[in-house]
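Visitor: Take this structure first; my questions come after.
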Amino acid sequence: MAAFRKALVVGAMLGVGAGVGSALFVLVTPGEERIQAMLKEMPGQDPRGREETARNKQLVLATLQEAAATQENVVWRKNWMGAGGGRSA
(Lines give C-alpha, C1' and ligand atoms only; values in the text may rest on other atoms or scores of the structure.)
Protein backbone atom coordinates (compact mmCIF):
# COMPACT_ATOMS: atom_id res chain seq x y z
CA MET A 1 0.00 0.00 0.00
CA ALA A 2 2.89 2.34 0.74
CA ALA A 3 4.36 1.80 -2.72
CA PHE A 4 0.99 2.62 -4.32
CA ARG A 5 0.69 5.78 -2.25
CA LYS A 6 4.26 6.82 -3.13
CA ALA A 7 3.59 6.23 -6.85
CA LEU A 8 0.39 8.26 -6.59
CA VAL A 9 2.23 11.16 -4.91
CA VAL A 10 5.02 11.06 -7.55
CA GLY A 11 2.41 11.04 -10.34
CA ALA A 12 0.59 13.98 -8.75
CA MET A 13 3.83 15.95 -8.43
CA LEU A 14 4.72 15.28 -12.06
CA GLY A 15 1.24 16.38 -13.10
CA VAL A 16 1.52 19.58 -11.08
CA GLY A 17 4.93 20.30 -12.59
CA ALA A 18 3.63 19.73 -16.11
CA GLY A 19 0.65 21.96 -15.39
CA VAL A 20 2.79 24.78 -14.05
CA GLY A 21 5.16 24.48 -17.01
CA SER A 22 2.27 24.57 -19.49
CA ALA A 23 0.76 27.60 -17.77
CA LEU A 24 4.07 29.47 -17.87
CA PHE A 25 4.52 28.60 -21.54
CA VAL A 26 1.08 30.01 -22.35
CA LEU A 27 1.84 33.19 -20.42
CA VAL A 28 5.23 33.75 -22.08
CA THR A 29 4.32 32.98 -25.72
CA PRO A 30 3.75 36.14 -27.78
CA GLY A 31 0.42 36.81 -29.44
CA GLU A 32 -0.22 36.70 -33.18
CA GLU A 33 0.31 40.46 -33.61
CA ARG A 34 3.66 40.31 -31.83
CA ILE A 35 4.73 37.32 -33.92
CA GLN A 36 3.95 39.24 -37.13
CA ALA A 37 5.86 42.28 -35.85
CA MET A 38 8.88 40.11 -34.99
CA LEU A 39 8.83 38.53 -38.46
CA LYS A 40 8.86 41.97 -40.08
CA GLU A 41 11.89 42.98 -38.00
CA MET A 42 13.97 39.96 -39.01
CA PRO A 43 17.10 40.77 -41.05
CA GLY A 44 16.08 38.59 -43.99
CA GLN A 45 12.89 40.58 -44.54
CA ASP A 46 14.64 43.84 -45.49
CA PRO A 47 14.72 44.19 -49.31
CA ARG A 48 18.09 45.98 -49.25
CA GLY A 49 19.57 43.25 -47.06
CA ARG A 50 18.21 40.54 -49.36
CA GLU A 51 19.78 42.27 -52.38
CA GLU A 52 23.12 42.54 -50.60
CA THR A 53 23.00 38.88 -49.59
CA ALA A 54 22.14 37.85 -53.15
CA ARG A 55 25.04 39.94 -54.50
CA ASN A 56 27.46 38.37 -52.00
CA LYS A 57 26.30 34.90 -53.01
CA GLN A 58 26.82 35.78 -56.68
CA LEU A 59 30.37 36.98 -55.97
CA VAL A 60 31.21 33.84 -54.01
CA LEU A 61 29.76 31.61 -56.72
CA ALA A 62 31.66 33.48 -59.45
CA THR A 63 34.90 33.17 -57.47
CA LEU A 64 34.34 29.45 -56.94
CA GLN A 65 33.58 28.91 -60.62
CA GLU A 66 36.69 30.84 -61.64
CA ALA A 67 38.79 28.91 -59.14
CA ALA A 68 37.51 25.64 -60.56
CA ALA A 69 38.35 26.74 -64.12
CA THR A 70 41.91 27.93 -63.50
CA GLN A 71 45.13 26.54 -62.09
CA GLU A 72 45.81 29.78 -60.16
CA ASN A 73 45.40 29.71 -56.40
CA VAL A 74 42.75 32.40 -55.97
CA VAL A 75 43.14 32.36 -52.18
CA TRP A 76 46.29 34.46 -52.42
CA ARG A 77 44.62 37.31 -54.33
CA LYS A 78 44.66 40.71 -52.72
CA ASN A 79 41.76 41.93 -54.87
CA TRP A 80 39.04 39.30 -55.15
CA MET A 81 37.12 41.35 -57.70
CA GLY A 82 39.73 41.01 -60.44
CA ALA A 83 41.98 38.39 -61.94
CA GLY A 84 45.65 38.05 -61.07
CA GLY A 85 47.48 40.21 -58.59
CA GLY A 86 48.63 37.52 -56.22
CA ARG A 87 50.92 34.57 -55.77
CA SER A 88 50.17 31.44 -57.70
CA ALA A 89 50.52 27.87 -56.52
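By convention in this document, the chains of the C-alpha coordinates carry letters A, B, ... by their order, each chain's residues are numbered from 1, and ligands are numbered from 1 in the order they are shown.
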As an MDAnalysis selection string, please: every residue in chain A that a backbone DSSP assignment puts in alpha helix (DSSP H).
Guide: chainID A and resid 2:28 32:41 47:69
Visitor: Between CA of Gln65 in chain A and CA of Gly49 in chain A, what distance in Å does the model show, to one decimal?
Guide: 24.2 Å
Visitor: By how many Å are CA of Arg48 in chain A and CA of Ile35 in chain A apart?
Guide: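 Computing the Euclidean distance for CA of Arg48 in chain A and CA of Ile35 in chain A yields 22.1 Å.
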